[in-house]
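Let me begin by presenting the structure, written as structure tokens, before commenting on it.
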Amino acid sequence: MARIHPLAYVDPTAELAEGVEVGPFCYVGPGVRLGPRCRLLNHVSIHGPATIGADNVFFPFCSIGAEPQDLSYHGEPSRTEIGDRNVFREGVTVHRGTAKDALLTRIGNDGLFMACSHIAHDCVVEDHVIMANGVLLGGHVHVESYATFGGAAVVHHFTTIGRMAFVGGMTRVTRDVPPYMTVEGNPAKIWMVNKIGCQRRGLPPEAIAQLKEAHRLLFRSDSGLEEAARLLGGRQGLRPEVRYLLEFCRRSGGLKGRAREQIRERWQHEE
């Protein structure tokens with residue numbers, strides 16, 4: 001049975017699973033589904049349609065699933081989906097999708113979203129992502145699993161952040177961030193392999209060594225993507241992490257591109 005504080009408002013159409021706690025001055029709107037043991041501490045607003053999994057915690061002044069900040073949005077039936085065991089700290093904002101994309105903003109499992117971070121419309125954030133205070137994701141951003149952001153980093157719309165990448169604090173990201181790499185600066189620059197993050201996620205030393213060699217060829221030499229791929233691909237026992245790095249860079253249209261930009265170009269053509 002859910003526990004709802006008398007000073008909270010829960011719409012009659014909202015669905016609250018066993019063990020949900022809704023604290024004082026919270027708002028749970030129509031079309032919201034809260035999974036088992038979710039906790040809304042106080043002053044939390046959740047707008048539907050939204051489907052939220054189990055064991056998520058929402059700290060005060062979170063706003064989840066509100067209308068997108070997009071002038072082209074005209075009330076289309078978009079939604080928000082959130083997985084399990086995420087923590088949304090004070091003042092986090094998550095906006096639902098638009099008709100320009102899949103009408104969906106989606107967050108995976110086991111994320112930590114620190115105070116005043118923002119996930120805009122149509123973003124897809126995978127599992128085990130950490131966003132420090134004040135991180136801002138523009139619309140249509142994709143963040144792959146185990147990516148980490150330092151405080152006040154800002155990500156341009158249509159950008160993809162690769163798995164296990166680290167984005168330094170106050171970094172301005174305008175292009176896709178390759179997986180396993182560390183970027184910092186304004187604009188962002190690829191500095192090194194995210195060695196500590198890779199070690200924490202259990203990558204073996206031989207994988208990290210190959211990623212370092214790939215980093216040298218891709219981002220510290222004049223080889224270019226295809227030449228670096230040829231040199232790396234011609235070696236025996238190339239690690240899957242390096243293969244994924246090469247695939248990611250090709251998908252991005254090179255070392256300074258945005259793979260998802262093609263989506264916007266298609267929309268503009270249709271208009």
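Within each chain, counting starts at residue 1; across the structure tokens, chains are named A, B, ... in the order shown, with ligands numbered 1 upward in that order.
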For region 201-205 of chain A, work out the shell of residues within 12 Å, counting only C-alpha atoms and skipping chain neighbours fewer than 2 positions away, then give it as a VMD selection string.
chain A and resid 128 145 to 147 163 to 165 180 194 to 199 207 to 212 239 to 242
Could you pull the residues within 10 Å of region 80-84 of chain A, counting only C-alpha atoms, minus those fewer than 4 positions along the same chain, as a PyMOL selection string?
chain A and resi 32-36+38+46-57+64-66+94-97+103-111+121-127
Just how far from CA of Gly185 (chain A) is CA of Asn133 (chain A), in Å to one decimal?
17.2 Å
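Shell of region 227-229 of chain A at 10 Å, with only C-alpha atoms counted and residues fewer than 4 places along the chain excluded, is Glu213, Ala214, His215, Arg216, Leu217, Leu218, Phe219, Ser221, Asp222, Ser223, Gly233, Gly234, Val242, Arg243, Leu245, Leu246, Glu247, Cys249 and Arg250 of chain A.
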Distance table requested - region 109-149 of chain A against region 251-258 of chain A, cut-off 12 Å, only C-alpha atoms: one row per qualifying residue with the closest atom pair and its distance in Å to one decimal, ordered by chain and rising residue number, as a Markdown table.
| residue | atom | partner | partner_atom | distance |
| --- | --- | --- | --- | --- |
| A:His140 | CA | A:Arg258 | CA | 11.4 |
| A:Val141 | CA | A:Arg258 | CA | 10.2 |
| A:His142 | CA | A:Arg258 | CA | 10.8 |
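The smallest atom-to-atom distance between Cys26 (chain A) and any of A:Arg200, A:His156, A:Arg220, A:His5, using only C-alpha atoms, is found for A:His5.
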If we count only C-alpha atoms and set the cut-off at 12 Å, which residues sit around Ile4 (chain A), ignoring sequence neighbours fewer than 3 positions away in its own chain? Please answer as a VMD selection string.
chain A and resid 1 7 to 11 16 to 28 38 to 42
Print the selection's residues with N, CA and C atoms to a file, as a PDB file, in the first residue's frame.
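out.pdb written:
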ATOM      1  N   MET A   1       0.835  -1.202   0.000  1.00  0.00           N
ATOM      2  CA  MET A   1       0.000   0.000   0.000  1.00  0.00           C
ATOM      3  C   MET A   1       0.870   1.252   0.000  1.00  0.00           C
ATOM      4  N   LEU A   7      -0.908  16.426   2.757  1.00  0.00           N
ATOM      5  CA  LEU A   7      -0.654  17.682   2.066  1.00  0.00           C
ATOM      6  C   LEU A   7      -0.144  17.475   0.642  1.00  0.00           C
ATOM      7  N   ALA A   8      -0.164  16.250   0.146  1.00  0.00           N
ATOM      8  CA  ALA A   8       0.222  15.962  -1.231  1.00  0.00           C
ATOM      9  C   ALA A   8      -1.024  15.843  -2.101  1.00  0.00           C
ATOM     10  N   TYR A   9      -0.835  16.024  -3.423  1.00  0.00           N
ATOM     11  CA  TYR A   9      -1.925  15.794  -4.369  1.00  0.00           C
ATOM     12  C   TYR A   9      -1.529  14.660  -5.310  1.00  0.00           C
ATOM     13  N   VAL A  10      -2.380  13.647  -5.405  1.00  0.00           N
ATOM     14  CA  VAL A  10      -2.188  12.537  -6.335  1.00  0.00           C
ATOM     15  C   VAL A  10      -3.445  12.428  -7.180  1.00  0.00           C
ATOM     16  N   ASP A  11      -3.279  12.556  -8.489  1.00  0.00           N
ATOM     17  CA  ASP A  11      -4.426  12.483  -9.388  1.00  0.00           C
ATOM     18  C   ASP A  11      -5.087  11.101  -9.292  1.00  0.00           C
ATOM     19  N   LEU A  16      -0.006   3.992  -8.255  1.00  0.00           N
ATOM     20  CA  LEU A  16       1.081   3.907  -7.289  1.00  0.00           C
ATOM     21  C   LEU A  16       1.215   2.469  -6.814  1.00  0.00           C
ATOM     22  N   ALA A  17       2.394   1.901  -6.984  1.00  0.00           N
ATOM     23  CA  ALA A  17       2.622   0.509  -6.612  1.00  0.00           C
ATOM     24  C   ALA A  17       2.857   0.382  -5.109  1.00  0.00           C
ATOM     25  N   GLU A  18       3.031  -0.843  -4.677  1.00  0.00           N
ATOM     26  CA  GLU A  18       3.250  -1.150  -3.258  1.00  0.00           C
ATOM     27  C   GLU A  18       4.509  -0.454  -2.748  1.00  0.00           C
ATOM     28  N   GLY A  19       4.380   0.174  -1.584  1.00  0.00           N
ATOM     29  CA  GLY A  19       5.526   0.770  -0.921  1.00  0.00           C
ATOM     30  C   GLY A  19       5.906   2.156  -1.371  1.00  0.00           C
ATOM     31  N   VAL A  20       5.156   2.767  -2.279  1.00  0.00           N
ATOM     32  CA  VAL A  20       5.454   4.133  -2.720  1.00  0.00           C
ATOM     33  C   VAL A  20       5.190   5.108  -1.578  1.00  0.00           C
ATOM     34  N   GLU A  21       6.075   6.098  -1.413  1.00  0.00           N
ATOM     35  CA  GLU A  21       5.908   7.150  -0.412  1.00  0.00           C
ATOM     36  C   GLU A  21       5.841   8.504  -1.114  1.00  0.00           C
ATOM     37  N   VAL A  22       4.802   9.266  -0.847  1.00  0.00           N
ATOM     38  CA  VAL A  22       4.611  10.600  -1.427  1.00  0.00           C
ATOM     39  C   VAL A  22       4.569  11.588  -0.275  1.00  0.00           C
ATOM     40  N   GLY A  23       5.592  12.442  -0.191  1.00  0.00           N
ATOM     41  CA  GLY A  23       5.714  13.366   0.923  1.00  0.00           C
ATOM     42  C   GLY A  23       4.878  14.614   0.763  1.00  0.00           C
ATOM     43  N   PRO A  24       4.963  15.525   1.730  1.00  0.00           N
ATOM     44  CA  PRO A  24       4.142  16.735   1.712  1.00  0.00           C
ATOM     45  C   PRO A  24       4.464  17.641   0.535  1.00  0.00           C
ATOM     46  N   PHE A  25       3.420  18.298   0.027  1.00  0.00           N
ATOM     47  CA  PHE A  25       3.509  19.282  -1.051  1.00  0.00           C
ATOM     48  C   PHE A  25       4.009  18.684  -2.369  1.00  0.00           C
ATOM     49  N   CYS A  26       3.854  17.391  -2.551  1.00  0.00           N
ATOM     50  CA  CYS A  26       4.169  16.757  -3.829  1.00  0.00           C
ATOM     51  C   CYS A  26       2.951  16.792  -4.749  1.00  0.00           C
ATOM     52  N   TYR A  27       3.244  16.722  -6.053  1.00  0.00           N
ATOM     53  CA  TYR A  27       2.192  16.656  -7.072  1.00  0.00           C
ATOM     54  C   TYR A  27       2.466  15.457  -7.965  1.00  0.00           C
ATOM     55  N   VAL A  28       1.495  14.564  -8.072  1.00  0.00           N
ATOM     56  CA  VAL A  28       1.575  13.414  -8.973  1.00  0.00           C
ATOM     57  C   VAL A  28       0.394  13.533  -9.924  1.00  0.00           C
ATOM     58  N   CYS A  38       9.120   3.579  -4.707  1.00  0.00           N
ATOM     59  CA  CYS A  38       9.588   4.922  -5.069  1.00  0.00           C
ATOM     60  C   CYS A  38       9.291   5.887  -3.926  1.00  0.00           C
ATOM     61  N   ARG A  39      10.182   6.861  -3.740  1.00  0.00           N
ATOM     62  CA  ARG A  39      10.026   7.830  -2.652  1.00  0.00           C
ATOM     63  C   ARG A  39      10.093   9.247  -3.203  1.00  0.00           C
ATOM     64  N   LEU A  40       9.035  10.022  -2.965  1.00  0.00           N
ATOM     65  CA  LEU A  40       8.991  11.442  -3.288  1.00  0.00           C
ATOM     66  C   LEU A  40       9.060  12.178  -1.951  1.00  0.00           C
ATOM     67  N   LEU A  41      10.201  12.807  -1.658  1.00  0.00           N
ATOM     68  CA  LEU A  41      10.429  13.305  -0.297  1.00  0.00           C
ATOM     69  C   LEU A  41       9.494  14.458   0.038  1.00  0.00           C
ATOM     70  N   ASN A  42       9.569  15.554  -0.688  1.00  0.00           N
ATOM     71  CA  ASN A  42       8.623  16.668  -0.548  1.00  0.00           C
ATOM     72  C   ASN A  42       8.820  17.634  -1.711  1.00  0.00           C
TER      73      ASN A  42
END
